[in-house]
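Report on the following structure.
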Amino acid sequence: MLHFRTEGFNGCAVKYSPFFDNRLAVASSANFGLVGNGRLYILELTPNGIVPYKWFTTQDSLYDLAWSEIHENQVLTASGDGSIKLFDTEVADFPIQNWKEHNREVFSVHWNLVAKDRFCSSSWDGTVRVWTPNRPHSLLTLPTHSCTYSAAFSPHSPDILSCVSSDSYLRVFDLRTPASASNHLTLQALTMDWNKYRPSTIATAGVDRTIRTFDIRAPGQGPQTVMLGHEYAVRKVAWSPHLSDVLLSASYDMTCRAWSDQTPPGALGRMGRHTEFVTGVDWCLFGSEGWCASVGWDESLYVWDVRAVMG
């Protein structure tokens, strides 16, 4: 297990690069994201441990990030001042692009894995917006009318997008149709993720400490699986890019846990090295199928092997 301290900044999100097997990025905030600066860390895994390649300090907190799918050196960030910034690791100090249409905190950004010239953002202002890096204004605004914690494109379709918001709905949008959504009732969700192998399966989790999976083809059936075990709210879920039934969760109970949604669904193991809220987790796309990274409010990034905690 490798460790890196984001000194003075509390981690909010972590993402592995889709281009380099030894590079990852962390979005962080001073003072737990309540007030003060943010910092984007670009880190590299080396034989000597985790080494900072570069960092960018911002005027406001950073809550999320997404690596570009079309340029190996570019990273998007979601900021507390309502802006979205695009940084280039080879350009010093300042972002190369800045978008400012949201009028509240931007809480998530996600790059489209199919139509790689598009990305989306979600905000506490009750909207999800779709963008392209080549234009100064958004392409599309999707109203949710409530604080929207997370939004993501389906990895199987360029036009399907989902989000979770404070009104307890998981919404699924088809961008080929007018802006209305299929609503799937859940309890208040903070996070969601699309399964990488089953195109209609989504996992959600949130303040009720429960992870649920849904089949978007049959919203009336309710959750397919319900997984219990966390003691406080679940802040992040991420399906494995290697195994169709395995997902990771990060929780305010200071643990990360691995789960399977296949029969019988349940926990496979837990990692308890964090000493504060765990806010972000991500899988490495490269190499053997268990490596992941987690960040938390304890100013710590851990890189670890899920297989080591799966018994």
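Just so we're on the same page: first chain in the structure tokens is A, next is B, and so on; residues restart at 1 for each chain, and ligands are numbered from 1 in the order they show up.
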
For Thr275 of chain A, please output as a short mmCIF file (atom, residue, chain, number, x, y, z; two decimals) with N, CA and C atoms, in the first residue's frame all residues within 12 Å (counting only C-alpha atoms; exclusion window: fewer than 3 positions along the same chain).
```cif
data_model
loop_
_atom_site.label_atom_id
_atom_site.label_comp_id
_atom_site.auth_asym_id
_atom_site.auth_seq_id
_atom_site.Cartn_x
_atom_site.Cartn_y
_atom_site.Cartn_z
N ASN A 10 -7.68 18.81 1.91
CA ASN A 10 -8.47 17.60 2.14
C ASN A 10 -8.94 17.04 0.82
N SER A 251 -16.77 5.78 2.05
CA SER A 251 -17.83 6.20 2.97
C SER A 251 -17.31 7.16 4.04
N TYR A 252 -18.26 7.89 4.63
CA TYR A 252 -17.96 8.73 5.78
C TYR A 252 -17.65 7.91 7.03
N ASP A 253 -17.80 6.58 6.98
CA ASP A 253 -17.39 5.76 8.12
C ASP A 253 -15.89 5.44 8.10
N MET A 254 -15.15 6.12 7.20
CA MET A 254 -13.69 6.05 7.10
C MET A 254 -13.19 4.75 6.49
N THR A 255 -14.08 4.01 5.82
CA THR A 255 -13.65 2.78 5.15
C THR A 255 -13.95 2.84 3.66
N CYS A 256 -13.18 2.06 2.90
CA CYS A 256 -13.53 1.68 1.53
C CYS A 256 -13.90 0.21 1.57
N MET A 271 -11.14 -1.75 3.51
CA MET A 271 -9.86 -1.11 3.76
C MET A 271 -10.11 0.02 4.75
N GLY A 272 -9.43 0.00 5.89
CA GLY A 272 -9.72 0.95 6.97
C GLY A 272 -8.56 1.82 7.37
N VAL A 278 -13.85 9.23 3.91
CA VAL A 278 -13.29 8.86 2.61
C VAL A 278 -14.23 9.42 1.55
N THR A 279 -13.69 10.22 0.63
CA THR A 279 -14.53 10.96 -0.30
C THR A 279 -14.40 10.52 -1.75
N VAL A 295 -8.99 8.64 -1.58
CA VAL A 295 -8.62 9.89 -0.90
C VAL A 295 -9.67 10.23 0.15
N GLY A 296 -9.25 11.06 1.12
CA GLY A 296 -10.18 11.43 2.17
C GLY A 296 -9.82 12.75 2.82
N TRP A 297 -10.64 13.11 3.79
CA TRP A 297 -10.43 14.35 4.53
C TRP A 297 -9.23 14.29 5.46
N ASP A 298 -8.59 13.14 5.58
CA ASP A 298 -7.39 13.02 6.42
C ASP A 298 -6.13 13.45 5.68
N GLU A 299 -6.29 14.16 4.55
CA GLU A 299 -5.17 14.64 3.73
C GLU A 299 -4.33 13.48 3.21
N SER A 300 -4.97 12.34 2.97
CA SER A 300 -4.23 11.16 2.56
C SER A 300 -4.77 10.58 1.27
N LEU A 301 -3.83 10.16 0.42
CA LEU A 301 -4.12 9.33 -0.74
C LEU A 301 -3.47 7.98 -0.50
N TYR A 302 -4.25 6.91 -0.66
CA TYR A 302 -3.69 5.56 -0.58
C TYR A 302 -3.88 4.87 -1.94
#
```

So which residues touch Trp194 of chain A within 9 Å, counting only C-alpha atoms, skipping near sequence neighbours fewer than 5 positions away, as number ranges by chain? A: 152-155, 162, 199-203, 238-239

Kindly export the residues of the current selection with all heavy atoms, as a compact mmCIF listing (two decimals), in the first residue's frame.
```txt
# COMPACT_ATOMS: atom_id res chain seq x y z
N ALA A 152 -23.10 11.47 -14.93
CA ALA A 152 -22.14 10.70 -15.73
C ALA A 152 -22.80 10.18 -16.99
O ALA A 152 -23.97 9.79 -16.98
CB ALA A 152 -21.57 9.53 -14.93
N PHE A 153 -22.03 10.18 -18.07
CA PHE A 153 -22.48 9.54 -19.31
C PHE A 153 -22.36 8.03 -19.17
O PHE A 153 -21.46 7.51 -18.50
CB PHE A 153 -21.60 9.99 -20.48
CG PHE A 153 -21.90 11.37 -20.99
CD1 PHE A 153 -21.08 12.43 -20.63
CD2 PHE A 153 -22.98 11.61 -21.82
CE1 PHE A 153 -21.33 13.71 -21.10
CE2 PHE A 153 -23.24 12.88 -22.30
CZ PHE A 153 -22.42 13.93 -21.94
N SER A 154 -23.26 7.33 -19.86
CA SER A 154 -23.13 5.88 -19.96
C SER A 154 -21.86 5.54 -20.74
O SER A 154 -21.56 6.17 -21.76
CB SER A 154 -24.33 5.29 -20.67
OG SER A 154 -24.07 3.95 -21.08
N PRO A 155 -21.09 4.53 -20.30
CA PRO A 155 -19.92 4.11 -21.07
C PRO A 155 -20.29 3.31 -22.32
O PRO A 155 -19.41 2.92 -23.09
CB PRO A 155 -19.13 3.24 -20.09
CG PRO A 155 -20.16 2.72 -19.14
CD PRO A 155 -21.21 3.78 -19.04
N SER A 162 -26.90 10.07 -16.84
CA SER A 162 -27.70 9.94 -15.62
C SER A 162 -27.14 10.85 -14.54
O SER A 162 -25.97 11.26 -14.59
CB SER A 162 -27.69 8.48 -15.13
OG SER A 162 -26.39 8.11 -14.77
N PRO A 199 -24.93 -2.82 -19.82
CA PRO A 199 -25.28 -1.45 -20.22
C PRO A 199 -26.46 -0.84 -19.49
O PRO A 199 -26.57 0.38 -19.44
CB PRO A 199 -25.58 -1.59 -21.72
CG PRO A 199 -24.86 -2.81 -22.16
CD PRO A 199 -24.87 -3.74 -20.99
N SER A 200 -27.34 -1.64 -18.92
CA SER A 200 -28.53 -1.08 -18.28
C SER A 200 -28.43 -1.04 -16.76
O SER A 200 -29.39 -0.69 -16.08
CB SER A 200 -29.78 -1.89 -18.68
OG SER A 200 -29.65 -3.23 -18.25
N THR A 201 -27.27 -1.39 -16.19
CA THR A 201 -27.14 -1.48 -14.74
C THR A 201 -26.41 -0.26 -14.17
O THR A 201 -25.34 0.12 -14.65
CB THR A 201 -26.37 -2.76 -14.35
OG1 THR A 201 -27.10 -3.89 -14.80
CG2 THR A 201 -26.20 -2.85 -12.84
N ILE A 202 -27.03 0.35 -13.15
CA ILE A 202 -26.46 1.50 -12.45
C ILE A 202 -26.44 1.19 -10.96
O ILE A 202 -27.39 0.59 -10.43
CB ILE A 202 -27.29 2.78 -12.69
CG1 ILE A 202 -27.24 3.22 -14.15
CG2 ILE A 202 -26.82 3.92 -11.81
CD1 ILE A 202 -28.03 4.49 -14.43
N ALA A 203 -25.38 1.59 -10.28
CA ALA A 203 -25.32 1.52 -8.82
C ALA A 203 -25.48 2.92 -8.24
O ALA A 203 -24.96 3.89 -8.80
CB ALA A 203 -24.00 0.91 -8.36
N ALA A 238 -17.84 3.01 -7.40
CA ALA A 238 -17.15 2.87 -8.69
C ALA A 238 -17.12 1.39 -9.07
O ALA A 238 -16.57 0.57 -8.32
CB ALA A 238 -15.74 3.43 -8.62
N TRP A 239 -17.73 1.06 -10.21
CA TRP A 239 -17.69 -0.31 -10.72
C TRP A 239 -16.28 -0.63 -11.22
O TRP A 239 -15.60 0.22 -11.79
CB TRP A 239 -18.67 -0.49 -11.87
CG TRP A 239 -20.11 -0.56 -11.50
CD1 TRP A 239 -21.03 0.45 -11.61
CD2 TRP A 239 -20.82 -1.69 -10.98
NE1 TRP A 239 -22.26 0.01 -11.19
CE2 TRP A 239 -22.17 -1.30 -10.81
CE3 TRP A 239 -20.45 -3.00 -10.66
CZ2 TRP A 239 -23.13 -2.17 -10.32
CZ3 TRP A 239 -21.42 -3.86 -10.17
CH2 TRP A 239 -22.75 -3.46 -10.00
```

Among listed residues A:Asn31, A:Ser150, A:Ser68, A:Ser168, nearest Phe119 of chain A (using only C-alpha atoms):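 So, comparing all the options, the nearest one is A:Ser68.
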
Contact residues around Ser288 of chain A with only C-alpha atoms at 12 Å, ignoring same-chain residues under 3 positions, as a list in words: Asp21, Ser240, Pro241, His242, Leu243, Trp283, Cys284, Leu285, Trp291, Cys292, Trp304, Asp305, Val306 and Arg307 of chain A

Shortest contact to Glu44 of chain A, candidates A:Val75, A:Val303, A:Asp60, A:Lys196, atoms counted only C-alpha atoms, goes to A:Val303

Would you mind telling me which residue in A:Leu139, A:Leu247, A:Ala66, A:Val309 lies nearest to Arg212 of chain A when using only C-alpha atoms?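 Looking at the shortest contact to Arg212 of chain A, the residue is A:Leu247.
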
Do you have the atom CA of Asp64 of chain A-atom CA of Val109 of chain A distance handy?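 Going from atom CA of Asp64 of chain A over to atom CA of Val109 of chain A, I get 6.3 Å.
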
Two-atom distance - atom CA of Cys12 of chain A, atom CA of Ser121 of chain A (Å):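 One can read the atom CA of Cys12 of chain A to atom CA of Ser121 of chain A distance as 15.8 Å.
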
Check the DSSP output for the backbone and give back, as a PyMOL selection string, the residues of segment 229-306 of chain A in strand (DSSP E or B). chain A and resi 234-239+246-251+256-260+266-271+278-283+291-296+300-305
